[in-house]
>>> print(open('my_file_8.pdb').read())   # PDB, N, CA and C atoms
ATOM      1  N   MET A  29     -50.275  84.730  60.921
ATOM      2  CA  MET A  29     -49.135  84.085  60.303
ATOM      3  C   MET A  29     -48.330  83.291  61.327
ATOM      4  N   THR A  30     -48.242  83.771  62.548
ATOM      5  CA  THR A  30     -47.484  83.057  63.574
ATOM      6  C   THR A  30     -48.051  81.674  63.820
ATOM      7  N   ALA A  31     -49.364  81.557  63.842
ATOM      8  CA  ALA A  31     -49.987  80.252  64.061
ATOM      9  C   ALA A  31     -49.648  79.297  62.921
ATOM     10  N   MET A  32     -49.603  79.811  61.711
ATOM     11  CA  MET A  32     -49.264  78.976  60.564
ATOM     12  C   MET A  32     -47.803  78.536  60.646
ATOM     13  N   PHE A  33     -46.932  79.446  61.048
ATOM     14  CA  PHE A  33     -45.515  79.129  61.184
ATOM     15  C   PHE A  33     -45.324  78.054  62.255
ATOM     16  N   ASP A  34     -45.981  78.232  63.385
ATOM     17  CA  ASP A  34     -45.920  77.265  64.481
ATOM     18  C   ASP A  34     -46.394  75.892  64.001
ATOM     19  N   GLU A  35     -47.524  75.865  63.308
ATOM     20  CA  GLU A  35     -48.078  74.605  62.818
ATOM     21  C   GLU A  35     -47.125  73.936  61.822
ATOM     22  N   GLU A  36     -46.555  74.716  60.923
ATOM     23  CA  GLU A  36     -45.631  74.167  59.932
ATOM     24  C   GLU A  36     -44.383  73.586  60.600
ATOM     25  N   LEU A  37     -43.847  74.282  61.590
ATOM     26  CA  LEU A  37     -42.688  73.761  62.321
ATOM     27  C   LEU A  37     -43.020  72.441  62.999
ATOM     28  N   ARG A  38     -44.170  72.387  63.631
ATOM     29  CA  ARG A  38     -44.585  71.150  64.301
ATOM     30  C   ARG A  38     -44.737  69.993  63.305
ATOM     31  N   GLU A  39     -45.316  70.278  62.147
ATOM     32  CA  GLU A  39     -45.481  69.244  61.129
ATOM     33  C   GLU A  39     -44.129  68.778  60.589
ATOM     34  N   GLN A  40     -43.238  69.722  60.330
ATOM     35  CA  GLN A  40     -41.913  69.354  59.820
ATOM     36  C   GLN A  40     -41.128  68.553  60.857
ATOM     37  N   LEU A  41     -41.254  68.925  62.121
ATOM     38  CA  LEU A  41     -40.566  68.190  63.178
ATOM     39  C   LEU A  41     -41.109  66.767  63.281
ATOM     40  N   ALA A  42     -42.417  66.621  63.199
ATOM     41  CA  ALA A  42     -43.019  65.281  63.259
ATOM     42  C   ALA A  42     -42.523  64.423  62.094
ATOM     43  N   ARG A  43     -42.478  65.002  60.888
ATOM     44  CA  ARG A  43     -41.986  64.254  59.720
ATOM     45  C   ARG A  43     -40.519  63.885  59.886
ATOM     46  N   ALA A  44     -39.714  64.806  60.370
ATOM     47  CA  ALA A  44     -38.289  64.526  60.561
ATOM     48  C   ALA A  44     -38.091  63.418  61.592
ATOM     49  N   ARG A  45     -38.887  63.434  62.642
ATOM     50  CA  ARG A  45     -38.791  62.370  63.645
ATOM     51  C   ARG A  45     -39.203  61.019  63.062
ATOM     52  N   GLU A  46     -40.232  61.019  62.222
ATOM     53  CA  GLU A  46     -40.658  59.773  61.570
ATOM     54  C   GLU A  46     -39.563  59.246  60.654
ATOM     55  N   GLU A  47     -38.957  60.126  59.884
ATOM     56  CA  GLU A  47     -37.878  59.727  58.975
ATOM     57  C   GLU A  47     -36.657  59.254  59.762
ATOM     58  N   LEU A  48     -36.384  59.886  60.887
ATOM     59  CA  LEU A  48     -35.282  59.461  61.751
ATOM     60  C   LEU A  48     -35.533  58.047  62.261
ATOM     61  N   ALA A  49     -36.738  57.798  62.717
ATOM     62  CA  ALA A  49     -37.078  56.462  63.208
ATOM     63  C   ALA A  49     -36.939  55.429  62.103
ATOM     64  N   ALA A  50     -37.375  55.775  60.895
ATOM     65  CA  ALA A  50     -37.263  54.847  59.772
ATOM     66  C   ALA A  50     -35.803  54.586  59.428
ATOM     67  N   ALA A  51     -34.989  55.619  59.445
ATOM     68  CA  ALA A  51     -33.562  55.453  59.151
ATOM     69  C   ALA A  51     -32.898  54.561  60.199
ATOM     70  N   ARG A  52     -33.264  54.754  61.453
ATOM     71  CA  ARG A  52     -32.710  53.893  62.509
ATOM     72  C   ARG A  52     -33.131  52.443  62.301
ATOM     73  N   GLU A  53     -34.395  52.249  61.978
ATOM     74  CA  GLU A  53     -34.919  50.898  61.769
ATOM     75  C   GLU A  53     -34.223  50.214  60.597
ATOM     76  N   ASP A  54     -33.911  50.993  59.557
ATOM     77  CA  ASP A  54     -33.264  50.448  58.365
ATOM     78  C   ASP A  54     -31.751  50.308  58.513
ATOM     79  N   GLY A  55     -31.216  50.802  59.622
ATOM     80  CA  GLY A  55     -29.769  50.756  59.807
ATOM     81  C   GLY A  55     -29.030  51.733  58.904
ATOM     82  N   ASP A  56     -29.691  52.799  58.507
ATOM     83  CA  ASP A  56     -29.131  53.806  57.609
ATOM     84  C   ASP A  56     -28.417  54.881  58.424
ATOM     85  N   ALA A  57     -27.133  54.681  58.668
ATOM     86  CA  ALA A  57     -26.358  55.598  59.508
ATOM     87  C   ALA A  57     -26.324  57.015  58.936
ATOM     88  N   ASP A  58     -26.184  57.142  57.617
ATOM     89  CA  ASP A  58     -26.171  58.473  57.003
ATOM     90  C   ASP A  58     -27.524  59.157  57.170
ATOM     91  N   GLY A  59     -28.591  58.407  56.975
ATOM     92  CA  GLY A  59     -29.924  58.953  57.163
ATOM     93  C   GLY A  59     -30.159  59.389  58.595
ATOM     94  N   VAL A  60     -29.687  58.585  59.538
ATOM     95  CA  VAL A  60     -29.825  58.937  60.957
ATOM     96  C   VAL A  60     -29.143  60.270  61.226
ATOM     97  N   GLN A  61     -27.915  60.427  60.759
ATOM     98  CA  GLN A  61     -27.190  61.679  60.983
ATOM     99  C   GLN A  61     -27.907  62.857  60.322
ATOM    100  N   ALA A  62     -28.404  62.647  59.121
ATOM    101  CA  ALA A  62     -29.104  63.715  58.409
ATOM    102  C   ALA A  62     -30.363  64.144  59.162
ATOM    103  N   TYR A  63     -31.143  63.184  59.617
ATOM    104  CA  TYR A  63     -32.388  63.535  60.297
ATOM    105  C   TYR A  63     -32.157  64.038  61.714
ATOM    106  N   LEU A  64     -31.090  63.596  62.371
ATOM    107  CA  LEU A  64     -30.738  64.188  63.662
ATOM    108  C   LEU A  64     -30.444  65.678  63.474
ATOM    109  N   GLY A  65     -29.710  65.989  62.420
ATOM    110  CA  GLY A  65     -29.409  67.389  62.120
ATOM    111  C   GLY A  65     -30.651  68.179  61.783
ATOM    112  N   ARG A  66     -31.563  67.581  61.044
ATOM    113  CA  ARG A  66     -32.811  68.248  60.673
ATOM    114  C   ARG A  66     -33.655  68.546  61.903
ATOM    115  N   VAL A  67     -33.773  67.571  62.793
ATOM    116  CA  VAL A  67     -34.534  67.774  64.030
ATOM    117  C   VAL A  67     -33.911  68.903  64.846
ATOM    118  N   ALA A  68     -32.594  68.880  65.021
ATOM    119  CA  ALA A  68     -31.908  69.910  65.807
ATOM    120  C   ALA A  68     -32.103  71.290  65.169
ATOM    121  N   ALA A  69     -32.019  71.369  63.854
ATOM    122  CA  ALA A  69     -32.192  72.652  63.169
ATOM    123  C   ALA A  69     -33.608  73.193  63.350
ATOM    124  N   LEU A  70     -34.596  72.325  63.258
ATOM    125  CA  LEU A  70     -35.984  72.765  63.453
ATOM    126  C   LEU A  70     -36.213  73.234  64.883
ATOM    127  N   LEU A  71     -35.610  72.554  65.836
ATOM    128  CA  LEU A  71     -35.751  72.976  67.233
ATOM    129  C   LEU A  71     -35.087  74.329  67.467
ATOM    130  N   ARG A  72     -33.929  74.555  66.854
ATOM    131  CA  ARG A  72     -33.262  75.857  66.981
ATOM    132  C   ARG A  72     -34.115  76.962  66.361
ATOM    133  N   LEU A  73     -34.671  76.697  65.189
ATOM    134  CA  LEU A  73     -35.515  77.678  64.517
ATOM    135  C   LEU A  73     -36.730  78.019  65.373
ATOM    136  N   ALA A  74     -37.350  77.012  65.928
ATOM    137  CA  ALA A  74     -38.503  77.243  66.799
ATOM    138  C   ALA A  74     -38.102  78.106  67.991
ATOM    139  N   SER A  75     -36.994  77.767  68.611
ATOM    140  CA  SER A  75     -36.526  78.517  69.774
ATOM    141  C   SER A  75     -36.248  79.981  69.429
ATOM    142  N   GLN A  76     -35.654  80.206  68.278
ATOM    143  CA  GLN A  76     -35.359  81.575  67.839
ATOM    144  C   GLN A  76     -36.623  82.407  67.674
ATOM    145  N   HIS A  77     -37.739  81.740  67.417
ATOM    146  CA  HIS A  77     -39.008  82.434  67.223
ATOM    147  C   HIS A  77     -39.933  82.316  68.429
ATOM    148  N   GLY A  78     -39.384  81.864  69.548
ATOM    149  CA  GLY A  78     -40.167  81.808  70.783
ATOM    150  C   GLY A  78     -41.198  80.707  70.822
ATOM    151  N   ILE A  79     -41.001  79.673  70.016
ATOM    152  CA  ILE A  79     -41.939  78.554  69.980
ATOM    153  C   ILE A  79     -41.315  77.392  70.730
ATOM    154  N   HIS A  80     -41.994  76.927  71.778
ATOM    155  CA  HIS A  80     -41.478  75.800  72.557
ATOM    156  C   HIS A  80     -42.043  74.506  71.994
ATOM    157  N   LEU A  81     -41.153  73.628  71.588
ATOM    158  CA  LEU A  81     -41.539  72.309  71.114
ATOM    159  C   LEU A  81     -40.927  71.272  72.045
ATOM    160  N   PRO A  82     -41.722  70.363  72.584
ATOM    161  CA  PRO A  82     -41.174  69.340  73.469
ATOM    162  C   PRO A  82     -40.088  68.548  72.738
ATOM    163  N   HIS A  83     -38.986  68.313  73.445
ATOM    164  CA  HIS A  83     -37.873  67.573  72.847
ATOM    165  C   HIS A  83     -36.937  67.073  73.930
ATOM    166  N   THR A  84     -36.075  66.187  73.517
ATOM    167  CA  THR A  84     -35.059  65.656  74.433
ATOM    168  C   THR A  84     -33.779  66.481  74.279
ATOM    169  N   PRO A  85     -32.909  66.468  75.278
ATOM    170  CA  PRO A  85     -31.620  67.154  75.134
ATOM    171  C   PRO A  85     -30.823  66.618  73.942
ATOM    172  N   GLU A  86     -30.925  65.327  73.685
ATOM    173  CA  GLU A  86     -30.197  64.726  72.567
ATOM    174  C   GLU A  86     -30.690  65.298  71.230
ATOM    175  N   GLU A  87     -32.004  65.490  71.116
ATOM    176  CA  GLU A  87     -32.547  66.056  69.878
ATOM    177  C   GLU A  87     -32.045  67.480  69.671
ATOM    178  N   GLU A  88     -31.996  68.234  70.743
ATOM    179  CA  GLU A  88     -31.542  69.614  70.655
ATOM    180  C   GLU A  88     -30.098  69.699  70.180
ATOM    181  N   GLN A  89     -29.293  68.742  70.590
ATOM    182  CA  GLN A  89     -27.874  68.738  70.237
ATOM    183  C   GLN A  89     -27.587  67.958  68.963
ATOM    184  N   GLY A  90     -28.598  67.300  68.408
ATOM    185  CA  GLY A  90     -28.400  66.533  67.194
ATOM    186  C   GLY A  90     -27.643  65.248  67.407
ATOM    187  N   GLU A  91     -27.836  64.642  68.592
ATOM    188  CA  GLU A  91     -27.138  63.412  68.943
ATOM    189  C   GLU A  91     -28.122  62.242  69.014
ATOM    190  N   SER A  92     -27.569  61.046  68.778
ATOM    191  CA  SER A  92     -28.433  59.865  68.866
ATOM    192  C   SER A  92     -28.364  59.223  70.215
TER
END
>>> encode(input="my_file_8.pdb", output="structure tokens")
Amino acid sequence: MTAMFDEELREQLARAREELAAAREDGDADGVQAYLGRVAALLRLASQHGIHLPHTPEEEQGES
């Protein structure tokens, strides 16, 4: 089950990053804030479960 959880977190993080990039490209400030929060939340969840996911300090803090 841990491997499945790890894989799901990685997939969700990749999707959130893609949506964040799309929101930035579209100039969607609300979308950017929403996806920054989603990325940060997924990184916190991973950390709580001992899963290391490569990320930037800005992503961890939910900042652009």
>>> residues_around(input="my_file_8.pdb", residues="stretch 59-64 of chain A", least_positions_apart="5", cutoff="8 Å", atoms="all atoms listed in the file", output="PyMOL selection string")
chain A and resi 44-45+47-52+69-70+86-92
>>> atom_distance(input="my_file_8.pdb", atom1="atom CA of A:Ala31", atom2="atom CA of A:Pro82")
16.9 Å
>>> axis_aligned_box(input="my_file_8.pdb", around="stretch 29-45 of chain A", padding_each_side="8 Å", output="JSON")
{"center_x": -44.2, "center_y": 72.9, "center_z": 62.1, "size_x": 28.2, "size_y": 39.7, "size_z": 20.8}
>>> atom_distance(input="my_file_8.pdb", atom1="atom CA of A:Ile79", atom2="atom CA of A:Ala57")
29.7 Å
>>> atom_distance(input="my_file_8.pdb", atom1="atom N of A:Val67", atom2="atom CA of A:Leu41")
6.8 Å
>>> resolve_selection(input="my_file_8.pdb", expression="the PyMOL selection byres (((chain A and resi 74 and name CA) around 12) and name CA)", output="compact mmCIF listing (two decimals) with N, CA and C atoms, keeping the file's coordinate frame")
# COMPACT_ATOMS: atom_id res chain seq x y z
N THR A 30 -48.24 83.77 62.55
CA THR A 30 -47.48 83.06 63.57
C THR A 30 -48.05 81.67 63.82
N PHE A 33 -46.93 79.45 61.05
CA PHE A 33 -45.52 79.13 61.18
C PHE A 33 -45.32 78.05 62.26
N ASP A 34 -45.98 78.23 63.38
CA ASP A 34 -45.92 77.26 64.48
C ASP A 34 -46.39 75.89 64.00
N GLU A 35 -47.52 75.86 63.31
CA GLU A 35 -48.08 74.60 62.82
C GLU A 35 -47.12 73.94 61.82
N GLU A 36 -46.56 74.72 60.92
CA GLU A 36 -45.63 74.17 59.93
C GLU A 36 -44.38 73.59 60.60
N LEU A 37 -43.85 74.28 61.59
CA LEU A 37 -42.69 73.76 62.32
C LEU A 37 -43.02 72.44 63.00
N ARG A 38 -44.17 72.39 63.63
CA ARG A 38 -44.58 71.15 64.30
C ARG A 38 -44.74 69.99 63.30
N GLN A 40 -43.24 69.72 60.33
CA GLN A 40 -41.91 69.35 59.82
C GLN A 40 -41.13 68.55 60.86
N LEU A 41 -41.25 68.92 62.12
CA LEU A 41 -40.57 68.19 63.18
C LEU A 41 -41.11 66.77 63.28
N VAL A 67 -33.77 67.57 62.79
CA VAL A 67 -34.53 67.77 64.03
C VAL A 67 -33.91 68.90 64.85
N ALA A 68 -32.59 68.88 65.02
CA ALA A 68 -31.91 69.91 65.81
C ALA A 68 -32.10 71.29 65.17
N ALA A 69 -32.02 71.37 63.85
CA ALA A 69 -32.19 72.65 63.17
C ALA A 69 -33.61 73.19 63.35
N LEU A 70 -34.60 72.32 63.26
CA LEU A 70 -35.98 72.76 63.45
C LEU A 70 -36.21 73.23 64.88
N LEU A 71 -35.61 72.55 65.84
CA LEU A 71 -35.75 72.98 67.23
C LEU A 71 -35.09 74.33 67.47
N ARG A 72 -33.93 74.56 66.85
CA ARG A 72 -33.26 75.86 66.98
C ARG A 72 -34.12 76.96 66.36
N LEU A 73 -34.67 76.70 65.19
CA LEU A 73 -35.52 77.68 64.52
C LEU A 73 -36.73 78.02 65.37
N SER A 75 -36.99 77.77 68.61
CA SER A 75 -36.53 78.52 69.77
C SER A 75 -36.25 79.98 69.43
N GLN A 76 -35.65 80.21 68.28
CA GLN A 76 -35.36 81.58 67.84
C GLN A 76 -36.62 82.41 67.67
N HIS A 77 -37.74 81.74 67.42
CA HIS A 77 -39.01 82.43 67.22
C HIS A 77 -39.93 82.32 68.43
N GLY A 78 -39.38 81.86 69.55
CA GLY A 78 -40.17 81.81 70.78
C GLY A 78 -41.20 80.71 70.82
N ILE A 79 -41.00 79.67 70.02
CA ILE A 79 -41.94 78.55 69.98
C ILE A 79 -41.32 77.39 70.73
N HIS A 80 -41.99 76.93 71.78
CA HIS A 80 -41.48 75.80 72.56
C HIS A 80 -42.04 74.51 71.99
N LEU A 81 -41.15 73.63 71.59
CA LEU A 81 -41.54 72.31 71.11
C LEU A 81 -40.93 71.27 72.04
N PRO A 82 -41.72 70.36 72.58
CA PRO A 82 -41.17 69.34 73.47
C PRO A 82 -40.09 68.55 72.74
N HIS A 83 -38.99 68.31 73.44
CA HIS A 83 -37.87 67.57 72.85
C HIS A 83 -36.94 67.07 73.93
N GLU A 88 -32.00 68.23 70.74
CA GLU A 88 -31.54 69.61 70.66
C GLU A 88 -30.10 69.70 70.18
>>> select_by_dssp(input="my_file_8.pdb", residues="chain A", states="alpha helix (DSSP H)", output="ChimeraX atom specification")
/A:30-54,57-76,85-89
>>> decode(input="my_file_8.pdb", residues="stretch 63-87 of chain A", atoms="N, CA, C and O atoms", output="compact mmCIF listing (two decimals), in the first residue's frame")
# COMPACT_ATOMS: atom_id res chain seq x y z
N TYR A 63 -3.41 26.47 -6.97
CA TYR A 63 -2.49 25.38 -7.26
C TYR A 63 -1.20 25.47 -6.46
O TYR A 63 -0.60 24.45 -6.13
N LEU A 64 -0.78 26.68 -6.10
CA LEU A 64 0.36 26.81 -5.18
C LEU A 64 0.01 26.14 -3.85
O LEU A 64 0.82 25.42 -3.26
N GLY A 65 -1.20 26.39 -3.38
CA GLY A 65 -1.66 25.77 -2.14
C GLY A 65 -1.75 24.26 -2.26
O GLY A 65 -1.40 23.53 -1.33
N ARG A 66 -2.22 23.78 -3.39
CA ARG A 66 -2.34 22.34 -3.62
C ARG A 66 -0.97 21.67 -3.62
O ARG A 66 -0.77 20.63 -2.98
N VAL A 67 -0.01 22.28 -4.30
CA VAL A 67 1.35 21.74 -4.33
C VAL A 67 1.92 21.70 -2.92
O VAL A 67 2.47 20.68 -2.49
N ALA A 68 1.79 22.78 -2.17
CA ALA A 68 2.33 22.85 -0.81
C ALA A 68 1.66 21.79 0.08
O ALA A 68 2.34 21.12 0.87
N ALA A 69 0.36 21.61 -0.06
CA ALA A 69 -0.35 20.62 0.76
C ALA A 69 0.12 19.20 0.44
O ALA A 69 0.30 18.39 1.35
N LEU A 70 0.31 18.91 -0.83
CA LEU A 70 0.79 17.58 -1.22
C LEU A 70 2.20 17.33 -0.70
O LEU A 70 2.52 16.22 -0.25
N LEU A 71 3.03 18.35 -0.73
CA LEU A 71 4.39 18.20 -0.21
C LEU A 71 4.38 17.97 1.30
O LEU A 71 5.15 17.16 1.82
N ARG A 72 3.50 18.67 2.02
CA ARG A 72 3.39 18.46 3.46
C ARG A 72 2.91 17.04 3.76
O ARG A 72 3.43 16.37 4.66
N LEU A 73 1.91 16.58 3.02
CA LEU A 73 1.39 15.23 3.22
C LEU A 73 2.48 14.19 2.97
O LEU A 73 2.64 13.25 3.76
N ALA A 74 3.23 14.37 1.92
CA ALA A 74 4.32 13.44 1.62
C ALA A 74 5.33 13.44 2.77
O ALA A 74 5.75 12.37 3.23
N SER A 75 5.70 14.61 3.23
CA SER A 75 6.67 14.72 4.31
C SER A 75 6.17 14.03 5.59
O SER A 75 6.93 13.34 6.27
N GLN A 76 4.91 14.20 5.89
CA GLN A 76 4.32 13.57 7.07
C GLN A 76 4.40 12.05 7.01
O GLN A 76 4.40 11.38 8.04
N HIS A 77 4.45 11.51 5.80
CA HIS A 77 4.50 10.07 5.62
C HIS A 77 5.90 9.58 5.23
O HIS A 77 6.05 8.44 4.79
N GLY A 78 6.89 10.45 5.38
CA GLY A 78 8.27 10.04 5.13
C GLY A 78 8.62 9.87 3.67
O GLY A 78 9.56 9.16 3.33
N ILE A 79 7.86 10.51 2.79
CA ILE A 79 8.11 10.41 1.36
C ILE A 79 8.77 11.70 0.91
O ILE A 79 8.22 12.79 1.08
N HIS A 80 9.98 11.59 0.35
CA HIS A 80 10.69 12.77 -0.13
C HIS A 80 10.36 13.00 -1.59
O HIS A 80 10.56 12.11 -2.43
N LEU A 81 9.82 14.16 -1.88
CA LEU A 81 9.54 14.55 -3.25
C LEU A 81 10.37 15.79 -3.57
O LEU A 81 10.33 16.76 -2.81
N PRO A 82 11.13 15.76 -4.65
CA PRO A 82 11.93 16.93 -5.01
C PRO A 82 11.03 18.15 -5.18
O PRO A 82 9.95 18.06 -5.77
N HIS A 83 11.48 19.27 -4.62
CA HIS A 83 10.69 20.50 -4.71
C HIS A 83 11.56 21.70 -4.39
O HIS A 83 12.66 21.57 -3.86
N THR A 84 11.02 22.85 -4.70
CA THR A 84 11.71 24.10 -4.39
C THR A 84 11.21 24.62 -3.04
O THR A 84 10.10 24.25 -2.60
N PRO A 85 11.98 25.47 -2.37
CA PRO A 85 11.50 26.07 -1.13
C PRO A 85 10.20 26.85 -1.34
O PRO A 85 9.32 26.83 -0.46
N GLU A 86 10.06 27.48 -2.49
CA GLU A 86 8.84 28.25 -2.77
C GLU A 86 7.62 27.32 -2.84
O GLU A 86 6.55 27.67 -2.35
N GLU A 87 7.80 26.14 -3.44
CA GLU A 87 6.68 25.20 -3.52
C GLU A 87 6.27 24.73 -2.12
O GLU A 87 5.09 24.62 -1.83
